[in-house]
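Participant: The structure that follows is given in the form of structure tokens.
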Amino acid sequence: MNARPLMRLRLTTAATLEVGSTPHGMLSVFPITGGSFDGERLRGLVLGGADWVTAAGDGTFELDLRLTLETDDGALIHMTFSGVRDDANHYFRTLPRFETAAPNYAFLNRLLAVGIGEVHPDGPVHTIEEIL
Amino acid sequence: MNTRLLMTLRVTVAAPQTIGAVPHGTRRTVPITGGAFEGPRLRGTVLPDGSADWLLLRADGVLELDLRATLRTDEGGLISMRSFGLRHGPPDVIAALARGEAVDPAAYYFRTTPRFETAHPACAFLNHLITVATGDRRAEGPIYTIHELL
């Protein structure tokens, strides 16, 4: 597979909300309070959102994130991802998708991407690449 | 991005059901009539019942794909596969595909992100894999080369 860097996304989070045991597993909500993103073709700030995390019961977590990005030239981008986090195997991978109405960033509407996540003390960092 | 081959999946399709103009675009459903998959760790067939690709042609010319298929391994394990994808390209290339002509898959963008669910112990590793696929749209049905994201 060929890919090229899209952005590095750094998120800051607030205290986790433990929703508890639901029909699909233990659900936690990780509120995203801000952050930044930076790449060759786009950069800016994270306006906020959250990641809905369900523990699968076998030590892995299913991720379901939604947030809003604002580029340094004022465009808003709706971003979502689904993903998997398996700390025992150091596997933290996501499938980001983007939607925007800004013509300068319309290329985001037309691509699929993958992300590699890392847990840092000040919040998660996602290295996102466009699938070519 | 480090990946390794998971499988090559060939599906055969029947005539599309054109739902037509819906609020988000033009919707078409393509029934899957069968197929086969093969990779270093698993191989088997595609079950036709309930397998299809739900397509939505957006106003910006991008085709969204939402494939759901049931796979059966040669050991008898059932795997539920869902994949979201995008297909787009130059108008003449897309028109040639629509006419069923053979087109070099490098001439258009056809990528999907399959996820798998299974209860079969031998295939349990699939439950937590993030994968990406490149598609090659043939007249008889698409061929997906699916790579596991390492």
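Letters A, B, ... go to the chains of the structure tokens in the order shown; residues in each chain start at 1; ligands are counted from 1 in the same order.
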Run DSSP on the backbone of this structure and report the residues of chain A it assigns to helix (DSSP H, G or I), as a ChimeraX atom specification.
Facilitator: /A:87-89,103-110
Participant: I need the chosen residues saved as a compact mmCIF listing (two decimals), in the first residue's frame, with all heavy atoms.
Facilitator:
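Once written, result-v7.txt looks like this:
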# COMPACT_ATOMS: atom_id res chain seq x y z
N ASP A 87 -3.81 -2.22 23.88
CA ASP A 87 -2.58 -1.79 24.56
C ASP A 87 -1.59 -2.95 24.74
O ASP A 87 -0.39 -2.75 24.67
CB ASP A 87 -2.91 -1.16 25.91
CG ASP A 87 -3.62 0.18 25.73
OD1 ASP A 87 -3.54 0.74 24.63
OD2 ASP A 87 -4.27 0.64 26.68
N ALA A 88 -2.12 -4.17 24.95
CA ALA A 88 -1.23 -5.31 25.18
C ALA A 88 -0.35 -5.57 23.97
O ALA A 88 0.78 -6.02 24.09
CB ALA A 88 -2.06 -6.56 25.51
N ASN A 89 -0.89 -5.26 22.78
CA ASN A 89 -0.12 -5.50 21.56
C ASN A 89 0.37 -4.21 20.92
O ASN A 89 0.81 -4.22 19.76
CB ASN A 89 -0.97 -6.29 20.57
CG ASN A 89 -1.22 -7.71 21.05
OD1 ASN A 89 -0.27 -8.44 21.31
ND2 ASN A 89 -2.48 -8.07 21.22
N PRO A 103 -13.66 24.85 -0.46
CA PRO A 103 -13.06 24.39 -1.73
C PRO A 103 -11.58 24.05 -1.61
O PRO A 103 -11.11 23.08 -2.20
CB PRO A 103 -13.29 25.56 -2.68
CG PRO A 103 -14.45 26.32 -2.11
CD PRO A 103 -14.36 26.15 -0.62
N ASN A 104 -10.83 24.81 -0.80
CA ASN A 104 -9.39 24.56 -0.67
C ASN A 104 -9.08 23.19 -0.08
O ASN A 104 -7.97 22.68 -0.25
CB ASN A 104 -8.74 25.59 0.26
CG ASN A 104 -8.60 26.94 -0.39
OD1 ASN A 104 -8.84 27.07 -1.60
ND2 ASN A 104 -8.24 27.94 0.39
N TYR A 105 -10.02 22.66 0.65
CA TYR A 105 -9.78 21.39 1.34
C TYR A 105 -10.69 20.27 0.82
O TYR A 105 -10.81 19.23 1.45
CB TYR A 105 -9.95 21.58 2.85
CG TYR A 105 -8.97 22.60 3.38
CD1 TYR A 105 -9.37 23.91 3.64
CD2 TYR A 105 -7.63 22.28 3.54
CE1 TYR A 105 -8.46 24.86 4.07
CE2 TYR A 105 -6.72 23.22 3.97
CZ TYR A 105 -7.14 24.51 4.23
OH TYR A 105 -6.22 25.44 4.66
N ALA A 106 -11.30 20.49 -0.36
CA ALA A 106 -12.23 19.50 -0.92
C ALA A 106 -11.53 18.16 -1.17
O ALA A 106 -12.18 17.12 -1.20
CB ALA A 106 -12.86 20.02 -2.20
N PHE A 107 -10.20 18.19 -1.32
CA PHE A 107 -9.48 16.92 -1.52
C PHE A 107 -9.72 15.97 -0.34
O PHE A 107 -9.65 14.75 -0.50
CB PHE A 107 -7.98 17.16 -1.74
CG PHE A 107 -7.23 17.66 -0.54
CD1 PHE A 107 -6.59 16.78 0.31
CD2 PHE A 107 -7.16 19.02 -0.27
CE1 PHE A 107 -5.89 17.24 1.42
CE2 PHE A 107 -6.48 19.50 0.84
CZ PHE A 107 -5.84 18.60 1.68
N LEU A 108 -10.00 16.51 0.83
CA LEU A 108 -10.23 15.66 2.00
C LEU A 108 -11.50 14.82 1.86
O LEU A 108 -11.60 13.73 2.43
CB LEU A 108 -10.36 16.52 3.26
CG LEU A 108 -9.09 17.23 3.72
CD1 LEU A 108 -9.44 18.22 4.83
CD2 LEU A 108 -8.04 16.23 4.20
N ASN A 109 -12.48 15.35 1.10
CA ASN A 109 -13.73 14.62 0.88
C ASN A 109 -13.52 13.38 0.03
O ASN A 109 -14.39 12.51 -0.03
CB ASN A 109 -14.75 15.50 0.18
CG ASN A 109 -15.22 16.67 1.02
OD1 ASN A 109 -15.35 16.53 2.23
ND2 ASN A 109 -15.46 17.81 0.38
N ARG A 110 -12.39 13.32 -0.66
CA ARG A 110 -12.17 12.32 -1.69
C ARG A 110 -11.12 11.28 -1.31
O ARG A 110 -10.69 10.52 -2.17
CB ARG A 110 -11.75 13.01 -3.00
CG ARG A 110 -12.74 14.07 -3.45
CD ARG A 110 -12.17 14.94 -4.54
NE ARG A 110 -12.04 14.22 -5.79
CZ ARG A 110 -13.02 14.10 -6.68
NH1 ARG A 110 -14.19 14.65 -6.47
NH2 ARG A 110 -12.82 13.43 -7.79
Participant: Using only C-alpha atoms, what does the table of chain A residues within 8 Å of chain B look like, with each row giving the shortest atom pair and its distance in Å to one decimal, sorted by chain and ascending number, as CSV?
Facilitator:
residue,atom,partner,partner_atom,distance
A:Met1,CA,B:Thr3,CA,6.9
A:Asn2,CA,B:Met1,CA,7.8
A:Ala3,CA,B:Met1,CA,6.7
A:Thr60,CA,B:His128,CA,7.6
A:Gly83,CA,B:Ile130,CA,7.1
A:Val84,CA,B:His128,CA,6.3
A:Tyr91,CA,B:Leu150,CA,7.9
A:Arg93,CA,B:Ile130,CA,6.5
A:Thr94,CA,B:Ile130,CA,7.0
A:Leu95,CA,B:Thr113,CA,7.5
A:Arg110,CA,B:Val62,CA,6.8
A:Leu111,CA,B:Leu86,CA,7.3
A:Leu112,CA,B:Arg111,CA,7.0
A:Glu129,CA,B:Met1,CA,7.6
A:Ile131,CA,B:Arg111,CA,7.7
A:Leu132,CA,B:Tyr109,CA,7.9
Participant: If you keep N, CA, C and O atoms, can you produce a file of those selected residues as an mmCIF file, in the first residue's frame?
Facilitator:
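Saved as again_1.cif:
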data_model
loop_
_atom_site.group_PDB
_atom_site.id
_atom_site.type_symbol
_atom_site.label_atom_id
_atom_site.label_comp_id
_atom_site.auth_asym_id
_atom_site.auth_seq_id
_atom_site.Cartn_x
_atom_site.Cartn_y
_atom_site.Cartn_z
ATOM 1 N N MET A 1 0.840 -1.191 0.000
ATOM 2 C CA MET A 1 0.000 0.000 0.000
ATOM 3 C C MET A 1 0.877 1.245 0.000
ATOM 4 O O MET A 1 1.856 1.321 0.714
ATOM 5 N N ASN A 2 0.467 2.204 -0.793
ATOM 6 C CA ASN A 2 1.180 3.475 -0.816
ATOM 7 C C ASN A 2 0.375 4.519 -0.043
ATOM 8 O O ASN A 2 -0.845 4.555 -0.113
ATOM 9 N N ALA A 3 1.104 5.342 0.660
ATOM 10 C CA ALA A 3 0.447 6.361 1.471
ATOM 11 C C ALA A 3 1.347 7.585 1.519
ATOM 12 O O ALA A 3 2.542 7.499 1.223
ATOM 13 N N THR A 60 -9.387 -5.247 24.219
ATOM 14 C CA THR A 60 -9.281 -4.275 23.131
ATOM 15 C C THR A 60 -10.422 -3.256 23.250
ATOM 16 O O THR A 60 -11.441 -3.506 23.899
ATOM 17 N N GLY A 83 -11.786 2.996 15.036
ATOM 18 C CA GLY A 83 -10.443 2.468 15.232
ATOM 19 C C GLY A 83 -10.410 1.401 16.301
ATOM 20 O O GLY A 83 -11.442 1.043 16.882
ATOM 21 N N VAL A 84 -9.214 0.916 16.521
ATOM 22 C CA VAL A 84 -8.974 -0.155 17.483
ATOM 23 C C VAL A 84 -7.778 0.231 18.341
ATOM 24 O O VAL A 84 -6.777 0.733 17.824
ATOM 25 N N TYR A 91 -1.179 -1.811 19.653
ATOM 26 C CA TYR A 91 -1.863 -1.603 18.370
ATOM 27 C C TYR A 91 -2.911 -0.517 18.588
ATOM 28 O O TYR A 91 -3.848 -0.695 19.379
ATOM 29 N N ARG A 93 -4.792 1.884 15.938
ATOM 30 C CA ARG A 93 -4.903 2.233 14.521
ATOM 31 C C ARG A 93 -6.304 2.750 14.250
ATOM 32 O O ARG A 93 -7.282 2.243 14.818
ATOM 33 N N THR A 94 -6.401 3.708 13.359
ATOM 34 C CA THR A 94 -7.700 4.331 13.092
ATOM 35 C C THR A 94 -7.911 4.536 11.596
ATOM 36 O O THR A 94 -6.966 4.461 10.801
ATOM 37 N N LEU A 95 -9.178 4.787 11.259
ATOM 38 C CA LEU A 95 -9.570 5.050 9.867
ATOM 39 C C LEU A 95 -10.277 6.412 9.822
ATOM 40 O O LEU A 95 -11.508 6.482 9.854
ATOM 41 N N ARG A 110 -12.387 13.320 -0.657
ATOM 42 C CA ARG A 110 -12.174 12.315 -1.691
ATOM 43 C C ARG A 110 -11.120 11.285 -1.315
ATOM 44 O O ARG A 110 -10.689 10.519 -2.168
ATOM 45 N N LEU A 111 -10.670 11.278 -0.079
ATOM 46 C CA LEU A 111 -9.594 10.354 0.278
ATOM 47 C C LEU A 111 -9.980 9.481 1.457
ATOM 48 O O LEU A 111 -10.817 9.828 2.280
ATOM 49 N N LEU A 112 -9.322 8.327 1.511
ATOM 50 C CA LEU A 112 -9.369 7.475 2.690
ATOM 51 C C LEU A 112 -8.017 7.590 3.383
ATOM 52 O O LEU A 112 -7.001 7.832 2.735
ATOM 53 N N GLU A 129 -2.101 9.303 7.611
ATOM 54 C CA GLU A 129 -1.600 9.244 6.237
ATOM 55 C C GLU A 129 -2.751 9.013 5.284
ATOM 56 O O GLU A 129 -3.704 8.274 5.594
ATOM 57 N N ILE A 131 -4.288 7.318 2.079
ATOM 58 C CA ILE A 131 -4.072 6.114 1.277
ATOM 59 C C ILE A 131 -4.056 6.542 -0.179
ATOM 60 O O ILE A 131 -5.035 7.079 -0.691
ATOM 61 N N LEU A 132 -2.956 6.272 -0.860
ATOM 62 C CA LEU A 132 -2.839 6.682 -2.268
ATOM 63 C C LEU A 132 -3.394 5.603 -3.171
ATOM 64 O O LEU A 132 -3.510 4.447 -2.785
#
Participant: Kindly give the distance, in Å, that separates CA of Phe81 in chain A and CA of Phe37 in chain B, rounded to a single decimal.
Facilitator: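 Separation between CA of Phe81 in chain A and CA of Phe37 in chain B: 27.0 Å.
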Participant: Give the strand (DSSP E or B) residues of range 2-119 of chain A, as assigned by DSSP on the backbone, as an NGL selection string.
Facilitator: :A and (3-13 or 17-22 or 25-38 or 43-55 or 61-71 or 76-86 or 91-100 or 113-119)
Participant: Could you state the separation of CA of Pro23 in chain A and CA of Phe125 in chain B in Å, given to one decimal place?
Facilitator: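 Those two atoms sit 22.4 Å apart.
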Participant: Write out as a PyMOL selection string which residues come within 7 Å of range 142-144 of chain B when counting only C-alpha atoms, dropping same-chain ones fewer than 3 positions away.
Facilitator: chain B and resi 8-11+133-138
Participant: So, with only C-alpha atoms as the atoms that count, which of A:Thr68, A:Thr22, A:Thr100, A:Thr54 lies closest to Leu9 in chain A?
Facilitator: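 Looking only at the distances to Leu9 in chain A, the closest residue turns out to be A:Thr68.
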Participant: Write out as a list in words the residues lying within 9 Å of range 13-27 of chain B, counting only C-alpha atoms and excluding same-chain residues fewer than 2 positions away.
Facilitator: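 Result of the neighbour search: Val11, Thr29, Val30, Pro31, Ile32, Thr33, Gly34, Gly35, Ala52, Trp54, Leu55, Leu56, Leu57, Arg58, Ala59, Ala139, Glu140, Gly141 and Pro142 of chain B.
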Participant: Report, in Å to a single decimal, how far apart CA of Arg28 in chain B and CA of Ala96 in chain B are.
Facilitator: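 Atom-to-atom, CA of Ala96 in chain B and CA of Arg28 in chain B are spaced 18.0 Å apart.
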Participant: Might you pull out every residue within 6 Å of range 28-40 of chain A, with only C-alpha atoms counted and same-chain residues fewer than 4 positions away left off, and present them as number ranges by chain?
Facilitator: A: 6-14, 16-19, 44-53
